[in-house]
Amino acid sequence: MLAAAREVTATARDLEARWTGRLRAAGTVLPPAGGLAESAFLAPGGGYRIPPGQVAELGDGRAAFPGLRAAPDGWAYLRDFGYYAADAAMYLPGRVPPAWQRWELVAARWPRHRELAAPVAALAAEPPVPWCRWLAWLSCLEAVCGDLCAAAWSASCLGDAGAAALAEAGLGQVCGVLAEAAWHWWADPGRALPGTWAARLLAVTADPGLDVLFAGLAARLRAAAAPPWTVRAIREGDVFWQVAAAFEAWWEPLRTAHPGSRFLLVSEAFGAMTAGPLWAAMMPGRDRAATGLAVSRMSVHEQEMGRVPVSAWRTAGIAAGGRVVVHLDDSVFTGRTHAALRRALSGRPEAVYLAALTLDVGTPLNHPEEITALGRDVAAHMAGIAGLVRSPGGLLPPAASMWARRKRPAGDPAGRVLGGSDRLLAALWRRYAPESSRA
């Protein structure tokens with residue numbers, strides 16, 4: 001376990017050094033002020049944060065972040081409480097609004113994305129872009145992606161495959177803009193088309209079909225007496241740099257190992273729903289033409305946590321059609337979710353891989369009983385999981401999962417969250433303490 005943790009840390013340090021050098025050499029984004037490292041602006045759990053003293057650098061972009069303020073840790077987070085407020089996990093037990101009411105929070109935000117598309121895109125369209133303005137533009141794009149993921153998830157839970165496909169199509173378009181703005185802008189500037197960003201984002205946020213979907217889901221959820229898990233907002237895989245790191249580690253080696261093959265990227269919902277569309281947008285056009293996308297709902301962990309129902313919720317089957325299948329998931333613990341995906345594939349895949357954004361080293365360390373209960377030796381388990389998620393180049397993911405910490409005893413509900421195993425949820429509750437205490 002410790003060897004895996006050290007390797008993950010070493011991989012992350014190497015990645016930071018390489019990417020920081022490339023980012024500065026590209027010259028498309030100005031370095032951050034105040035002597036802070038670029039990585040300091042990465043918020044734990046996803047998104048970006050800036051020192052409160054640099055908020056003025058956003059200029060007109062400040063209007064896109066009405067809830068921007070200093071959090072208890074002294075940073076101003078570009079994802080405010082509203083980014084996560086539709087998720088039942090952000091509320092104390094007994095105070096969770098019904099699913100349809102939480103969806104209304106998302107629906108009310110959707111028209112604002114349309115209003116902000118052009119002015120915020122303009123902040124980042126001319127190089128070199130000031131650091132905080134670049135992060136603001138990326139944050140706006142990620143917010144749109146998050147709402148589209150939520151819409152696709154809720155529509156799927158209602159059994160409306162057509163509505164889910166509509167949201168996923170919009171997600172693919174916005175991921176195309178996000179990939180250019182967050183990756184190509186400095187890693188391959190010739191592929192970024194900043195003059196098109198506002199129009200492409202507006203094409204999605206002003207889409208009449210999506211307007212109907214967002215406006216109508218609350219009534220449908222209410223009529224169906226939808227359970228809490230049908231509306232969600234927290235995704236562990238909602239971390240762009242981890243998606244990009246996995247792409248860089250995996251894609252070229254995969255293409256080399258399977259020349260001339262067709263590929264299928266399967267994104268695990270809910271946590272990694274953007275991973276497949278982002279990979280597709282980041283790859284060269286010839287590769288994109290040979291790559292299909294799919295979404296799966298196979299998570300064993302979600303079922304065990306009571307966040308989703310039993311087998312009827314799971315994806316019935318995915319047609320591999322002789323392609324190379326890459327299963328994208330936000331993390332891996334036991335590997336049972338990936339095993340379920342393999343069983344659901346039809347059409348004899350050429351090969352099947354698991355590309356996890358993070359590696360769970362916390363559960364084996366802090367809760368080994370969850371492994372031994374499966375009849376597994378902890379050391380053998382770690383060796384097997386590490387082998388499963390190594391990229392073709394032999395790399396482990398550059399980040400550890402935010403699951404699972406050793407629990408701290410607490411008598412009150414908030415204390416149980418803050419001291420619980422889910423470090424992502426604890427971080428969000430601590431960050432938005434004033435809002436969550438009133439929710």
# chains A, B, ... in the order shown; residues from 1 in each chain; ligands from 1
$ residues_around --residues "Ala3 in chain A" --least-positions-apart "2" --cutoff "12 Å" --atoms "only C-alpha atoms" --output "list of chain:residue names"
A:Met1, A:Ala5, A:Arg6, A:Glu7, A:Val8, A:Thr9, A:Ala10, A:Val361, A:Leu365, A:Ala379, A:Met382, A:Ala383, A:Ala386, A:Leu396
$ write_last_selection --atoms "C-alpha atoms" --output "PDB file, in the first residue's frame"
ATOM      1  CA  MET A   1       0.000   0.000   0.000  1.00  0.00           C
ATOM      2  CA  ALA A   5       1.016   5.578  -2.480  1.00  0.00           C
ATOM      3  CA  ARG A   6       4.638   6.669  -2.944  1.00  0.00           C
ATOM      4  CA  GLU A   7       4.494   5.823  -6.640  1.00  0.00           C
ATOM      5  CA  VAL A   8       1.276   7.820  -7.091  1.00  0.00           C
ATOM      6  CA  THR A   9       2.909  10.805  -5.375  1.00  0.00           C
ATOM      7  CA  ALA A  10       6.051  10.537  -7.496  1.00  0.00           C
ATOM      8  CA  VAL A 361      -5.083   3.366  -1.368  1.00  0.00           C
ATOM      9  CA  LEU A 365      -5.003   1.104   4.669  1.00  0.00           C
ATOM     10  CA  ALA A 379      -1.236  -7.231  -0.265  1.00  0.00           C
ATOM     11  CA  MET A 382      -3.261  -4.136  -3.977  1.00  0.00           C
ATOM     12  CA  ALA A 383      -0.921  -5.880  -6.378  1.00  0.00           C
ATOM     13  CA  ALA A 386      -2.336  -1.812  -9.347  1.00  0.00           C
ATOM     14  CA  LEU A 396      -0.229   4.321 -11.957  1.00  0.00           C
TER      15      LEU A 396
END
$ select_by_dssp --residues "range 176-391 of chain A" --states "strand (DSSP E)" --output "list of chain:residue names"
A:Phe263, A:Leu264, A:Leu265, A:Val266, A:Ser267, A:Glu268, A:Thr291, A:Gly292, A:Leu293, A:Ala294, A:Val295, A:Ser296, A:Ile318, A:Ala319, A:Val324, A:Val325, A:Val326, A:His327, A:Leu328, A:Asp329, A:Leu345, A:Ser346, A:Ala351, A:Val352, A:Tyr353, A:Leu354, A:Ala355, A:Ala356
$ residues_around --residues "Arg22 in chain A" --least-positions-apart "3" --cutoff "12 Å" --atoms "only C-alpha atoms" --output "PyMOL selection string"
chain A and resi 15-19+25-29+31+183-189
$ write_last_selection --atoms "N, CA, C and O atoms" --output "PDB file, in the first residue's frame"
ATOM      1  N   LEU A  15       4.486  14.810 -13.196  1.00  0.00           N
ATOM      2  CA  LEU A  15       3.473  15.408 -14.060  1.00  0.00           C
ATOM      3  C   LEU A  15       3.426  16.924 -13.861  1.00  0.00           C
ATOM      4  O   LEU A  15       3.391  17.696 -14.830  1.00  0.00           O
ATOM      5  N   GLU A  16       3.418  17.359 -12.614  1.00  0.00           N
ATOM      6  CA  GLU A  16       3.361  18.792 -12.328  1.00  0.00           C
ATOM      7  C   GLU A  16       4.554  19.525 -12.935  1.00  0.00           C
ATOM      8  O   GLU A  16       4.402  20.592 -13.548  1.00  0.00           O
ATOM      9  N   ALA A  17       5.749  18.957 -12.788  1.00  0.00           N
ATOM     10  CA  ALA A  17       6.945  19.603 -13.329  1.00  0.00           C
ATOM     11  C   ALA A  17       6.876  19.709 -14.848  1.00  0.00           C
ATOM     12  O   ALA A  17       7.177  20.762 -15.430  1.00  0.00           O
ATOM     13  N   ARG A  18       6.457  18.632 -15.509  1.00  0.00           N
ATOM     14  CA  ARG A  18       6.404  18.637 -16.976  1.00  0.00           C
ATOM     15  C   ARG A  18       5.339  19.598 -17.485  1.00  0.00           C
ATOM     16  O   ARG A  18       5.570  20.381 -18.411  1.00  0.00           O
ATOM     17  N   TRP A  19       4.152  19.537 -16.907  1.00  0.00           N
ATOM     18  CA  TRP A  19       3.058  20.372 -17.387  1.00  0.00           C
ATOM     19  C   TRP A  19       3.296  21.852 -17.089  1.00  0.00           C
ATOM     20  O   TRP A  19       2.950  22.712 -17.908  1.00  0.00           O
ATOM     21  N   ALA A  25       5.961  27.655 -21.232  1.00  0.00           N
ATOM     22  CA  ALA A  25       6.609  27.801 -22.539  1.00  0.00           C
ATOM     23  C   ALA A  25       5.612  28.177 -23.630  1.00  0.00           C
ATOM     24  O   ALA A  25       5.967  28.861 -24.594  1.00  0.00           O
ATOM     25  N   ALA A  26       4.361  27.749 -23.505  1.00  0.00           N
ATOM     26  CA  ALA A  26       3.358  28.037 -24.538  1.00  0.00           C
ATOM     27  C   ALA A  26       3.081  29.531 -24.640  1.00  0.00           C
ATOM     28  O   ALA A  26       2.808  30.053 -25.737  1.00  0.00           O
ATOM     29  N   GLY A  27       3.101  30.234 -23.525  1.00  0.00           N
ATOM     30  CA  GLY A  27       2.888  31.672 -23.538  1.00  0.00           C
ATOM     31  C   GLY A  27       1.459  32.104 -23.778  1.00  0.00           C
ATOM     32  O   GLY A  27       1.202  33.296 -23.988  1.00  0.00           O
ATOM     33  N   THR A  28       0.516  31.185 -23.738  1.00  0.00           N
ATOM     34  CA  THR A  28      -0.882  31.550 -23.979  1.00  0.00           C
ATOM     35  C   THR A  28      -1.601  31.985 -22.710  1.00  0.00           C
ATOM     36  O   THR A  28      -2.678  32.574 -22.779  1.00  0.00           O
ATOM     37  N   VAL A  29      -1.014  31.668 -21.545  1.00  0.00           N
ATOM     38  CA  VAL A  29      -1.588  32.055 -20.257  1.00  0.00           C
ATOM     39  C   VAL A  29      -0.484  32.691 -19.421  1.00  0.00           C
ATOM     40  O   VAL A  29       0.616  32.142 -19.319  1.00  0.00           O
ATOM     41  N   PRO A  31       1.534  33.613 -16.090  1.00  0.00           N
ATOM     42  CA  PRO A  31       1.719  32.920 -14.812  1.00  0.00           C
ATOM     43  C   PRO A  31       0.930  33.608 -13.702  1.00  0.00           C
ATOM     44  O   PRO A  31       0.648  34.812 -13.778  1.00  0.00           O
ATOM     45  N   TRP A 183      -6.803  22.341 -22.424  1.00  0.00           N
ATOM     46  CA  TRP A 183      -5.708  21.456 -22.817  1.00  0.00           C
ATOM     47  C   TRP A 183      -4.977  21.964 -24.058  1.00  0.00           C
ATOM     48  O   TRP A 183      -3.802  22.314 -24.010  1.00  0.00           O
ATOM     49  N   HIS A 184      -5.671  22.030 -25.182  1.00  0.00           N
ATOM     50  CA  HIS A 184      -5.008  22.444 -26.415  1.00  0.00           C
ATOM     51  C   HIS A 184      -4.466  23.869 -26.338  1.00  0.00           C
ATOM     52  O   HIS A 184      -3.457  24.182 -26.986  1.00  0.00           O
ATOM     53  N   TRP A 185      -5.091  24.735 -25.568  1.00  0.00           N
ATOM     54  CA  TRP A 185      -4.693  26.136 -25.459  1.00  0.00           C
ATOM     55  C   TRP A 185      -3.215  26.273 -25.105  1.00  0.00           C
ATOM     56  O   TRP A 185      -2.556  27.225 -25.501  1.00  0.00           O
ATOM     57  N   TRP A 186      -2.680  25.289 -24.344  1.00  0.00           N
ATOM     58  CA  TRP A 186      -1.258  25.355 -23.992  1.00  0.00           C
ATOM     59  C   TRP A 186      -0.479  24.115 -24.435  1.00  0.00           C
ATOM     60  O   TRP A 186       0.723  24.204 -24.689  1.00  0.00           O
ATOM     61  N   ALA A 187      -1.147  22.972 -24.562  1.00  0.00           N
ATOM     62  CA  ALA A 187      -0.441  21.747 -24.949  1.00  0.00           C
ATOM     63  C   ALA A 187      -0.306  21.614 -26.456  1.00  0.00           C
ATOM     64  O   ALA A 187       0.637  20.987 -26.950  1.00  0.00           O
ATOM     65  N   ASP A 188      -1.242  22.202 -27.206  1.00  0.00           N
ATOM     66  CA  ASP A 188      -1.219  22.137 -28.672  1.00  0.00           C
ATOM     67  C   ASP A 188      -2.000  23.335 -29.203  1.00  0.00           C
ATOM     68  O   ASP A 188      -3.100  23.193 -29.746  1.00  0.00           O
ATOM     69  N   PRO A 189      -1.459  24.567 -29.015  1.00  0.00           N
ATOM     70  CA  PRO A 189      -2.230  25.783 -29.299  1.00  0.00           C
ATOM     71  C   PRO A 189      -2.808  25.869 -30.701  1.00  0.00           C
ATOM     72  O   PRO A 189      -3.846  26.516 -30.900  1.00  0.00           O
TER      73      PRO A 189
END
$ closest_residue --among "A:Leu388, A:Ala121, A:Cys132, A:Leu92" --to "His327 in chain A" --atoms "only C-alpha atoms"
A:Leu388
$ select_by_dssp --residues "range 30-206 of chain A" --states "alpha helix (DSSP H)" --output "PyMOL selection string"
chain A and resi 81-84+99-123+131-157+161-179+185-187+194-205
$ closest_residue --among "A:Leu345, A:Leu105, A:Leu2, A:Leu30" --to "Val129 in chain A" --atoms "only C-alpha atoms"
A:Leu30
$ atom_distance --atom1 "CA of Gln101 in chain A" --atom2 "CA of Arg49 in chain A"
28.5 Å
$ residues_around --residues "Tyr353 in chain A" --least-positions-apart "4" --cutoff "9 Å" --atoms "only C-alpha atoms" --output "list of chain:residue names"
A:Val324, A:Val325, A:Val326, A:His327, A:Leu328, A:His338, A:Leu388, A:Val389, A:Ser391
$ residues_around --residues "range 427-438 of chain A" --least-positions-apart "3" --cutoff "6 Å" --atoms "only C-alpha atoms" --output "JSON, numbers by chain"
{"A": [71, 423, 424]}
$ write_last_selection --atoms "N, CA, C and O atoms" --output "PDB file, in the first residue's frame"
ATOM      1  N   ALA A  71     -13.491  31.277   1.625  1.00  0.00           N
ATOM      2  CA  ALA A  71     -13.935  30.113   2.383  1.00  0.00           C
ATOM      3  C   ALA A  71     -13.180  30.060   3.709  1.00  0.00           C
ATOM      4  O   ALA A  71     -12.228  30.820   3.928  1.00  0.00           O
ATOM      5  N   ARG A 423     -13.638  11.587   1.936  1.00  0.00           N
ATOM      6  CA  ARG A 423     -12.878  12.826   2.105  1.00  0.00           C
ATOM      7  C   ARG A 423     -13.356  13.937   1.174  1.00  0.00           C
ATOM      8  O   ARG A 423     -13.235  15.117   1.496  1.00  0.00           O
ATOM      9  N   LEU A 424     -13.888  13.571   0.008  1.00  0.00           N
ATOM     10  CA  LEU A 424     -14.425  14.592  -0.888  1.00  0.00           C
ATOM     11  C   LEU A 424     -15.619  15.275  -0.248  1.00  0.00           C
ATOM     12  O   LEU A 424     -15.695  16.512  -0.209  1.00  0.00           O
TER      13      LEU A 424
END
$ residues_around --residues "Met283 in chain A" --least-positions-apart "2" --cutoff "10 Å" --atoms "only C-alpha atoms" --output "list in words"
Ala179, Phe247, Glu248, Trp251, Glu252, Leu278, Trp279, Ala280, Ala281, Gly285, Arg286, Asp287, Arg288, Ala289 and Thr291 of chain A
$ write_last_selection --atoms "all heavy atoms" --output "short mmCIF file (atom, residue, chain, number, x, y, z; two decimals), in the first residue's frame"
data_model
loop_
_atom_site.label_atom_id
_atom_site.label_comp_id
_atom_site.auth_asym_id
_atom_site.auth_seq_id
_atom_site.Cartn_x
_atom_site.Cartn_y
_atom_site.Cartn_z
N ALA A 179 -12.00 21.01 -23.78
CA ALA A 179 -10.72 20.39 -24.13
C ALA A 179 -9.80 21.39 -24.82
O ALA A 179 -8.59 21.42 -24.56
CB ALA A 179 -10.97 19.18 -25.03
N PHE A 247 -5.51 10.62 -20.13
CA PHE A 247 -5.43 10.63 -21.59
C PHE A 247 -3.98 10.59 -22.05
O PHE A 247 -3.61 9.82 -22.95
CB PHE A 247 -6.12 11.88 -22.13
CG PHE A 247 -5.99 12.06 -23.62
CD1 PHE A 247 -6.79 11.35 -24.49
CD2 PHE A 247 -5.04 12.93 -24.15
CE1 PHE A 247 -6.66 11.50 -25.86
CE2 PHE A 247 -4.91 13.08 -25.51
CZ PHE A 247 -5.72 12.36 -26.37
N GLU A 248 -3.15 11.44 -21.46
CA GLU A 248 -1.75 11.50 -21.86
C GLU A 248 -1.04 10.18 -21.60
O GLU A 248 -0.20 9.74 -22.40
CB GLU A 248 -1.05 12.64 -21.11
CG GLU A 248 0.38 12.87 -21.58
CD GLU A 248 1.03 14.04 -20.86
OE1 GLU A 248 1.29 13.92 -19.65
OE2 GLU A 248 1.28 15.06 -21.52
N TRP A 251 -3.53 7.21 -24.15
CA TRP A 251 -4.03 7.16 -25.52
C TRP A 251 -2.98 6.75 -26.55
O TRP A 251 -3.22 5.82 -27.34
CB TRP A 251 -4.68 8.47 -25.91
CG TRP A 251 -5.34 8.35 -27.26
CD1 TRP A 251 -5.01 8.95 -28.42
CD2 TRP A 251 -6.43 7.46 -27.58
NE1 TRP A 251 -5.82 8.53 -29.44
CE2 TRP A 251 -6.70 7.61 -28.95
CE3 TRP A 251 -7.20 6.57 -26.83
CZ2 TRP A 251 -7.70 6.90 -29.59
CZ3 TRP A 251 -8.21 5.86 -27.47
CH2 TRP A 251 -8.45 6.02 -28.84
N GLU A 252 -1.85 7.41 -26.58
CA GLU A 252 -0.85 7.05 -27.59
C GLU A 252 -0.38 5.61 -27.45
O GLU A 252 -0.26 4.89 -28.46
CB GLU A 252 0.32 8.03 -27.54
CG GLU A 252 0.05 9.36 -28.21
CD GLU A 252 -0.38 9.19 -29.68
OE1 GLU A 252 0.20 8.34 -30.38
OE2 GLU A 252 -1.29 9.91 -30.11
N LEU A 278 -14.35 14.06 -23.07
CA LEU A 278 -13.13 14.87 -23.04
C LEU A 278 -11.99 14.17 -23.76
O LEU A 278 -11.25 14.80 -24.53
CB LEU A 278 -12.75 15.18 -21.59
CG LEU A 278 -13.59 16.26 -20.91
CD1 LEU A 278 -13.27 16.33 -19.43
CD2 LEU A 278 -13.37 17.62 -21.57
N TRP A 279 -11.81 12.88 -23.53
CA TRP A 279 -10.78 12.14 -24.26
C TRP A 279 -11.01 12.27 -25.77
O TRP A 279 -10.07 12.49 -26.53
CB TRP A 279 -10.80 10.67 -23.85
CG TRP A 279 -9.96 10.31 -22.68
CD1 TRP A 279 -9.69 11.08 -21.58
CD2 TRP A 279 -9.27 9.08 -22.48
NE1 TRP A 279 -8.89 10.39 -20.71
CE2 TRP A 279 -8.62 9.16 -21.23
CE3 TRP A 279 -9.17 7.90 -23.22
CZ2 TRP A 279 -7.86 8.11 -20.71
CZ3 TRP A 279 -8.42 6.85 -22.70
CH2 TRP A 279 -7.76 6.96 -21.46
N ALA A 280 -12.25 12.07 -26.18
CA ALA A 280 -12.57 12.13 -27.61
C ALA A 280 -12.22 13.50 -28.18
O ALA A 280 -11.71 13.61 -29.31
CB ALA A 280 -14.04 11.82 -27.84
N ALA A 281 -12.49 14.56 -27.42
CA ALA A 281 -12.21 15.91 -27.89
C ALA A 281 -10.72 16.21 -27.90
O ALA A 281 -10.25 17.05 -28.68
CB ALA A 281 -12.94 16.93 -27.02
N GLY A 285 -8.12 14.18 -34.92
CA GLY A 285 -9.34 13.92 -35.66
C GLY A 285 -9.44 12.53 -36.23
O GLY A 285 -10.51 11.91 -36.22
N ARG A 286 -8.32 11.98 -36.72
CA ARG A 286 -8.37 10.63 -37.30
C ARG A 286 -8.71 9.58 -36.24
O ARG A 286 -9.37 8.58 -36.53
CB ARG A 286 -7.03 10.30 -37.95
CG ARG A 286 -5.85 10.21 -36.99
CD ARG A 286 -4.54 9.91 -37.68
NE ARG A 286 -3.44 9.75 -36.74
CZ ARG A 286 -2.78 10.73 -36.18
NH1 ARG A 286 -3.11 11.99 -36.47
NH2 ARG A 286 -1.79 10.50 -35.33
N ASP A 287 -8.24 9.82 -35.01
CA ASP A 287 -8.57 8.90 -33.93
C ASP A 287 -10.01 9.05 -33.50
O ASP A 287 -10.70 8.07 -33.19
CB ASP A 287 -7.65 9.14 -32.72
CG ASP A 287 -6.20 8.78 -33.01
OD1 ASP A 287 -5.93 8.18 -34.06
OD2 ASP A 287 -5.33 9.11 -32.17
N ARG A 288 -10.49 10.30 -33.47
CA ARG A 288 -11.88 10.54 -33.06
C ARG A 288 -12.83 9.83 -34.01
O ARG A 288 -13.87 9.30 -33.57
CB ARG A 288 -12.16 12.05 -33.05
CG ARG A 288 -13.59 12.41 -32.67
CD ARG A 288 -13.87 12.01 -31.23
NE ARG A 288 -15.27 12.17 -30.86
CZ ARG A 288 -16.18 11.21 -30.94
NH1 ARG A 288 -15.84 10.00 -31.41
NH2 ARG A 288 -17.42 11.43 -30.56
N ALA A 289 -12.51 9.79 -35.29
CA ALA A 289 -13.40 9.15 -36.26
C ALA A 289 -13.51 7.66 -36.02
O ALA A 289 -14.50 7.03 -36.44
CB ALA A 289 -12.88 9.42 -37.67
N THR A 291 -13.50 6.27 -32.97
CA THR A 291 -13.81 6.08 -31.55
C THR A 291 -15.27 6.37 -31.27
O THR A 291 -15.79 7.43 -31.61
CB THR A 291 -12.92 7.00 -30.69
OG1 THR A 291 -11.54 6.73 -30.97
CG2 THR A 291 -13.17 6.78 -29.21
#
$ decode --residues "range 26-44 of chain A" --atoms "N, CA and C atoms" --output "compact mmCIF listing (two decimals), in the first residue's frame"
# COMPACT_ATOMS: atom_id res chain seq x y z
N ALA A 26 4.36 27.75 -23.50
CA ALA A 26 3.36 28.04 -24.54
C ALA A 26 3.08 29.53 -24.64
N GLY A 27 3.10 30.23 -23.52
CA GLY A 27 2.89 31.67 -23.54
C GLY A 27 1.46 32.10 -23.78
N THR A 28 0.52 31.19 -23.74
CA THR A 28 -0.88 31.55 -23.98
C THR A 28 -1.60 31.98 -22.71
N VAL A 29 -1.01 31.67 -21.54
CA VAL A 29 -1.59 32.05 -20.26
C VAL A 29 -0.48 32.69 -19.42
N LEU A 30 -0.79 33.83 -18.81
CA LEU A 30 0.18 34.49 -17.95
C LEU A 30 0.34 33.71 -16.64
N PRO A 31 1.53 33.61 -16.09
CA PRO A 31 1.72 32.92 -14.81
C PRO A 31 0.93 33.61 -13.70
N PRO A 32 0.56 32.87 -12.67
CA PRO A 32 -0.18 33.49 -11.57
C PRO A 32 0.66 34.53 -10.83
N ALA A 33 -0.03 35.51 -10.27
CA ALA A 33 0.65 36.55 -9.50
C ALA A 33 0.89 36.06 -8.07
N GLY A 34 1.72 36.79 -7.38
CA GLY A 34 1.94 36.50 -5.97
C GLY A 34 2.93 35.41 -5.68
N GLY A 35 3.61 34.88 -6.71
CA GLY A 35 4.61 33.86 -6.47
C GLY A 35 4.07 32.48 -6.16
N LEU A 36 2.77 32.27 -6.30
CA LEU A 36 2.18 30.96 -6.03
C LEU A 36 2.38 30.03 -7.22
N ALA A 37 2.57 28.74 -6.92
CA ALA A 37 2.67 27.74 -7.98
C ALA A 37 1.32 27.55 -8.65
N GLU A 38 1.36 27.20 -9.91
CA GLU A 38 0.11 26.96 -10.65
C GLU A 38 -0.75 25.90 -9.96
N SER A 39 -0.14 24.87 -9.44
CA SER A 39 -0.89 23.77 -8.82
C SER A 39 -1.63 24.21 -7.56
N ALA A 40 -1.20 25.31 -6.94
CA ALA A 40 -1.87 25.78 -5.73
C ALA A 40 -3.30 26.21 -6.01
N PHE A 41 -3.59 26.52 -7.27
CA PHE A 41 -4.92 27.00 -7.63
C PHE A 41 -5.90 25.85 -7.93
N LEU A 42 -5.43 24.61 -7.86
CA LEU A 42 -6.30 23.44 -8.07
C LEU A 42 -7.03 23.14 -6.76
N ALA A 43 -8.34 23.21 -6.79
CA ALA A 43 -9.12 22.95 -5.58
C ALA A 43 -9.18 21.45 -5.31
N PRO A 44 -8.99 21.02 -4.07
CA PRO A 44 -9.15 19.60 -3.75
C PRO A 44 -10.55 19.11 -4.14
